[in-house]
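Okay, structure first, notes after.
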Amino acid sequence: MGDFFSNYDILGAFWVTVQLSVLSAIGALVIGTVVAVLRISPVGVLRLIGSLYVNLIRNTPLTLLMVSSILGLTFILGLQISEQNTRNAYWWAVIMLSVYHAAFVCEAIRSGVNTIPAGQAEAARSIGLTFGQSMREVLLPQAFRGAIAPLGSTLIALIKNTTVAAVILGTAEAAGLLAQITENEGASLPLFFVFALGFVVLTLPIGIGITNLSRRLAVKR
Amino acid sequence: MSEPLVVLKDVNKHFGDLHVLKDINVTVERGEVVILIGPSGSGKSTLCRTINRLETFESGSITIDGKELPEEGKELAALRSDVGMVFQSFNLFAHKTILENVTLGPMKVRGIKKAEAEKRAMELLERVGIAHQAHKYPAQLSGGQQQRVAIARSLAMDPKVMLFDEPTSALDPEMITEVLDVMVQLAKSGMTMIVVTHEMGFARKAADRVVFLSDGEVHEQATPEEFFTHPKSDRAKDFLGKILTH
């Protein structure tokens, strides 16, 4: 068992998993919020764009998005983020994870918006706030608080979905390294447990934290 | 100079096939307190909400202080900031404290500095008797208290006219008086008010005129005394007969 840790950089691979998770979570939250605002905007065209995004991205397998970033966008269209291949793949992985999970973040926020009584938006408009102001000041803050639980589930799914990035990242992150060690050393049950445990360590506290947070931040009506 | 503050001219509105507002013509003078009254489904709430375009209408025009209601966008937001609105269900911002509820509009819409907005907000909360609860959240207050905060929130924008959409209908009986007291006080201070309500006591005490609606039409306009004692139209007689027998 000790051999694995001395021969392979398992902690380093999990560190990459953590980086991918954090960067993609931020990306997904930003894009998802923008798409959610599009989906609830009063302008029909924007709503259409928002729902197209969600339905297109949500129904595409993440593996397909990952592979198409390198094979399609870099190799065929020549879109390269970094000269260095591993950096290029790393940033494409972050972008694709962000883009993919943004669709789920959008729907989580939208479900949060649905927890807000219609009168809140009317009151915001009636004191003269513009659409943007009532979004920022009244609707989104309440929507986020109402959406903490589904946002937490999305975050946990995102952390585990970073493993899909192995198809373009190779051995840099946890799942890729596990595949390589298995190939070199043969399958081993303890090794699987180590990697499984690694993900539990990453996701379990988030689940517990989210439950506490959603209870504490819930908007009292 | 003395053109009416609010002018509704030939306003028409449909909900699908239902013709909810039929050629409504109402004018409200500066400082006047007008009660909209009528059976449920008569369109009085809808009429109140069209005045700041929370409801759209198809034809006719509404002018406030000489300016016609814009369709949408920033101009509409600007106009709404001059028209206070108090809802049946209070609609205080649930995630903000009482003080933040009152300062939000002045700070974001009027661009007033925080310290100044808070000073003014505390004065208004004092006036409606909630100053000591300024740092609580809406859910911690009773319905009557929340409604008084909602009135303070509207007043903080220094509106030209205030709309009240059944402000006491969601309140327990013992809380109605505290809200009506604030409204009477407001009427006496010269505020222009348009109030949808069934509170006869308030109408007699504070109103200048009663507008009686039924089936989306204005049937009668009179002073409260005249309307309640000598209604002219049969609809009004029928309606008053139903609510005054108890």
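Letters A, B, ... go to the chains of the structure tokens in the order shown; residues in each chain start at 1; ligands are counted from 1 in the same order.
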
Subject >> At most 7 Å to chain A: residues in chain B, only C-alpha atoms, as JSON, numbers by chain >> reply: {"B": [74, 77, 78, 80, 81, 84, 85, 91, 93, 94, 95, 105, 109, 139, 154]}

Restrict the selected residues to C-alpha atoms and save them as a CSV table (one decimal), in the first residue's frame.
chain,number,residue,atom,x,y,z
B,74,LYS,CA,-36.4,52.8,-17.0
B,77,ALA,CA,-39.5,52.4,-13.0
B,78,ALA,CA,-39.0,56.1,-12.5
B,80,ARG,CA,-43.4,53.9,-10.2
B,81,SER,CA,-41.0,55.4,-7.7
B,84,GLY,CA,-46.4,54.4,-3.5
B,85,MET,CA,-48.1,51.0,-3.3
B,91,ASN,CA,-44.8,42.0,0.6
B,93,PHE,CA,-38.6,41.9,1.5
B,94,ALA,CA,-38.3,38.8,3.6
B,95,HIS,CA,-34.5,38.6,3.6
B,105,GLY,CA,-35.7,52.3,-2.5
B,109,VAL,CA,-33.6,54.5,-6.8
B,139,ALA,CA,-41.4,37.4,9.8
B,154,SER,CA,-43.7,53.6,0.4

**OP:** Tell me, as a PyMOL selection string, which residues lie within 12 Å of B:Thr229, counting only C-alpha atoms; anything in the same chain fewer than 3 positions away does not count.
**Re:** chain B and resi 200+204+222-226+232+236-237+240-241+244

Write the residues of the selection above to a file with N, CA, C and O atoms, as a short mmCIF file (atom, residue, chain, number, x, y, z; two decimals), in the first residue's frame.
data_model
loop_
_atom_site.label_atom_id
_atom_site.label_comp_id
_atom_site.auth_asym_id
_atom_site.auth_seq_id
_atom_site.Cartn_x
_atom_site.Cartn_y
_atom_site.Cartn_z
N MET B 200 -65.83 50.84 6.03
CA MET B 200 -66.73 51.99 5.97
C MET B 200 -66.28 53.10 6.92
O MET B 200 -66.38 54.27 6.62
N ARG B 204 -65.70 56.92 5.88
CA ARG B 204 -66.44 58.07 6.44
C ARG B 204 -65.51 59.06 7.10
O ARG B 204 -65.71 60.27 7.04
N ALA B 222 -69.50 59.57 -5.34
CA ALA B 222 -70.17 60.50 -4.42
C ALA B 222 -69.32 60.67 -3.18
O ALA B 222 -68.37 59.92 -2.97
N THR B 223 -69.69 61.64 -2.33
CA THR B 223 -69.01 61.75 -1.04
C THR B 223 -69.43 60.54 -0.20
O THR B 223 -70.49 59.96 -0.43
N PRO B 224 -68.60 60.14 0.76
CA PRO B 224 -68.92 58.96 1.57
C PRO B 224 -70.30 59.06 2.21
O PRO B 224 -71.09 58.12 2.16
N GLU B 225 -70.60 60.24 2.81
CA GLU B 225 -71.87 60.43 3.50
C GLU B 225 -73.04 60.15 2.56
O GLU B 225 -73.94 59.37 2.86
N GLU B 226 -72.95 60.77 1.38
CA GLU B 226 -74.02 60.63 0.39
C GLU B 226 -74.12 59.19 -0.09
O GLU B 226 -75.20 58.63 -0.21
N LYS B 232 -77.40 56.00 -5.24
CA LYS B 232 -78.34 56.27 -6.34
C LYS B 232 -78.60 55.03 -7.18
O LYS B 232 -79.73 54.71 -7.49
N ALA B 236 -75.44 49.71 -6.33
CA ALA B 236 -74.86 50.19 -5.09
C ALA B 236 -75.79 49.90 -3.91
O ALA B 236 -75.34 49.47 -2.85
N LYS B 237 -77.09 50.12 -4.13
CA LYS B 237 -78.07 49.83 -3.07
C LYS B 237 -78.00 48.36 -2.68
O LYS B 237 -77.97 47.99 -1.51
N LEU B 240 -74.62 47.66 -0.84
CA LEU B 240 -74.62 48.18 0.53
C LEU B 240 -75.58 47.39 1.41
O LEU B 240 -75.31 47.14 2.58
N GLY B 241 -76.72 46.97 0.83
CA GLY B 241 -77.67 46.17 1.57
C GLY B 241 -77.01 44.90 2.09
O GLY B 241 -77.23 44.48 3.21
N LEU B 244 -74.11 45.95 4.86
CA LEU B 244 -74.48 46.73 6.04
C LEU B 244 -75.46 46.02 6.97
O LEU B 244 -75.66 46.43 8.09
#

List the neighbours of B:Glu68 out to 12 Å using only C-alpha atoms; skip same-chain residues closer than 6 positions along the sequence, and give me the result as a PDB file with C-alpha atoms, in the first residue's frame.
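The resulting file, result.pdb, is reproduced below:
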ATOM      1  CA  LEU B   5     -52.890  64.429 -10.211  1.00  0.00           C
ATOM      2  CA  VAL B   6     -54.203  61.131 -11.560  1.00  0.00           C
ATOM      3  CA  VAL B   7     -56.335  60.951 -14.683  1.00  0.00           C
ATOM      4  CA  LEU B   8     -57.737  57.686 -16.030  1.00  0.00           C
ATOM      5  CA  LYS B   9     -59.319  58.101 -19.420  1.00  0.00           C
ATOM      6  CA  ILE B  51     -52.379  52.858 -11.992  1.00  0.00           C
ATOM      7  CA  ASN B  52     -48.716  51.881 -11.579  1.00  0.00           C
ATOM      8  CA  ARG B  53     -48.866  49.334 -14.366  1.00  0.00           C
ATOM      9  CA  GLY B  60     -57.197  54.388 -22.900  1.00  0.00           C
ATOM     10  CA  SER B  61     -54.610  56.358 -20.982  1.00  0.00           C
ATOM     11  CA  ILE B  62     -53.451  56.960 -17.439  1.00  0.00           C
ATOM     12  CA  GLU B  75     -39.088  55.512 -17.424  1.00  0.00           C
ATOM     13  CA  LEU B  76     -41.752  53.217 -16.007  1.00  0.00           C
ATOM     14  CA  LEU B  79     -42.692  56.781 -12.555  1.00  0.00           C
ATOM     15  CA  ARG B  80     -43.399  53.909 -10.180  1.00  0.00           C
TER      16      ARG B  80
END

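Those residues that approach stretch 86-97 of chain A to within 8 Å, counting only C-alpha atoms, are A:Leu20, A:Leu23, A:Ser24, A:Gly27, A:Ala28, A:Leu62, A:Leu65, A:Met66, A:Ser69, A:Ile70, A:Gln80, A:Ile81, A:Ser82, A:Glu83, A:Tyr100, A:His101, A:Leu158, A:Asn161, A:Thr162, A:Ala165, A:Ile168, A:Leu169; same-chain residues fewer than 3 positions away are not listed.
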
Original post:
Using only C-alpha atoms, which residue out of B:Thr97, B:Glu55, B:Phe164, B:Thr197 lies closest to B:Leu141?
Top reply: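 Of all the options, B:Thr97 lies closest to B:Leu141.
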
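Every protein, DNA or RNA residue with an atom at most 12 Å from B:Asn25, where only C-alpha atoms count and chain neighbours fewer than 2 positions away do not, is listed here: Val6, Val7, Leu8, Lys9, Asp10, Val11, Asn12, Leu21, Lys22, Asp23, Thr27, Val28, Leu47, Gly60, Ser61, Ile62, Thr63, Val211, Leu213, Gly216, Glu217, Val218, His219, Glu220 and Gln221 of chain B.
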
Original post:
By how many Å are atom CA of A:Glu107 and atom CA of A:Ala175 apart?
Top reply: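 Separation of atom CA of A:Glu107 and atom CA of A:Ala175: 27.9 Å.
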
Original post:
Interatomic distance between atom CA of A:Leu29 and atom CA of A:Phe199?
Top reply: 21.3 Å

Original post:
Could you pull out all residues of stretch 15-216 of chain B with a DSSP call of helix (DSSP H, G or I) and give them as a count of residues only?
Top reply: 83

Original post:
With only C-alpha atoms as the atoms that count, which of A:Thr33, A:Phe195, A:Leu213, A:Ala149 lies nearest to A:Ala174?
Top reply: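 Using only C-alpha atoms, A:Ala174 sits closest to A:Phe195.
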
Original post:
What's the 8 Å shell around A:Ser111, counting only C-alpha atoms, without same-chain residues fewer than 6 positions away, as a list in words?
Top reply: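 My reading of the contact set: Ala143, Gly146 and Ala147 of chain A.
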
So that I have them on file, write out the residues from the current selection with C-alpha atoms, as a CSV table (one decimal), in the first residue's frame.
chain,number,residue,atom,x,y,z
A,143,ALA,CA,-33.4,32.5,-4.8
A,146,GLY,CA,-33.9,28.8,-1.4
A,147,ALA,CA,-31.6,26.9,-3.7

Subject >> Shell of 10 Å around B:Gln145, only C-alpha atoms, local chain residues under 2 positions omitted, as a VMD selection string >> reply: chain B and resid 90 128 to 130 133 138 140 to 143 147 to 151 175 178 to 179

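Distance-wise, atom CA of A:Leu155 and atom CA of A:Gln180 end up 26.4 Å apart.
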
**OP:** From a DSSP pass on the backbone, collect the residues of stretch 39-221 of chain B flagged as strand (DSSP E or B) and hand them back as an MDAnalysis selection string.
**Re:** chainID B and resid 59:64 67:68 83:86 161:165 192:196 209:214 217:221
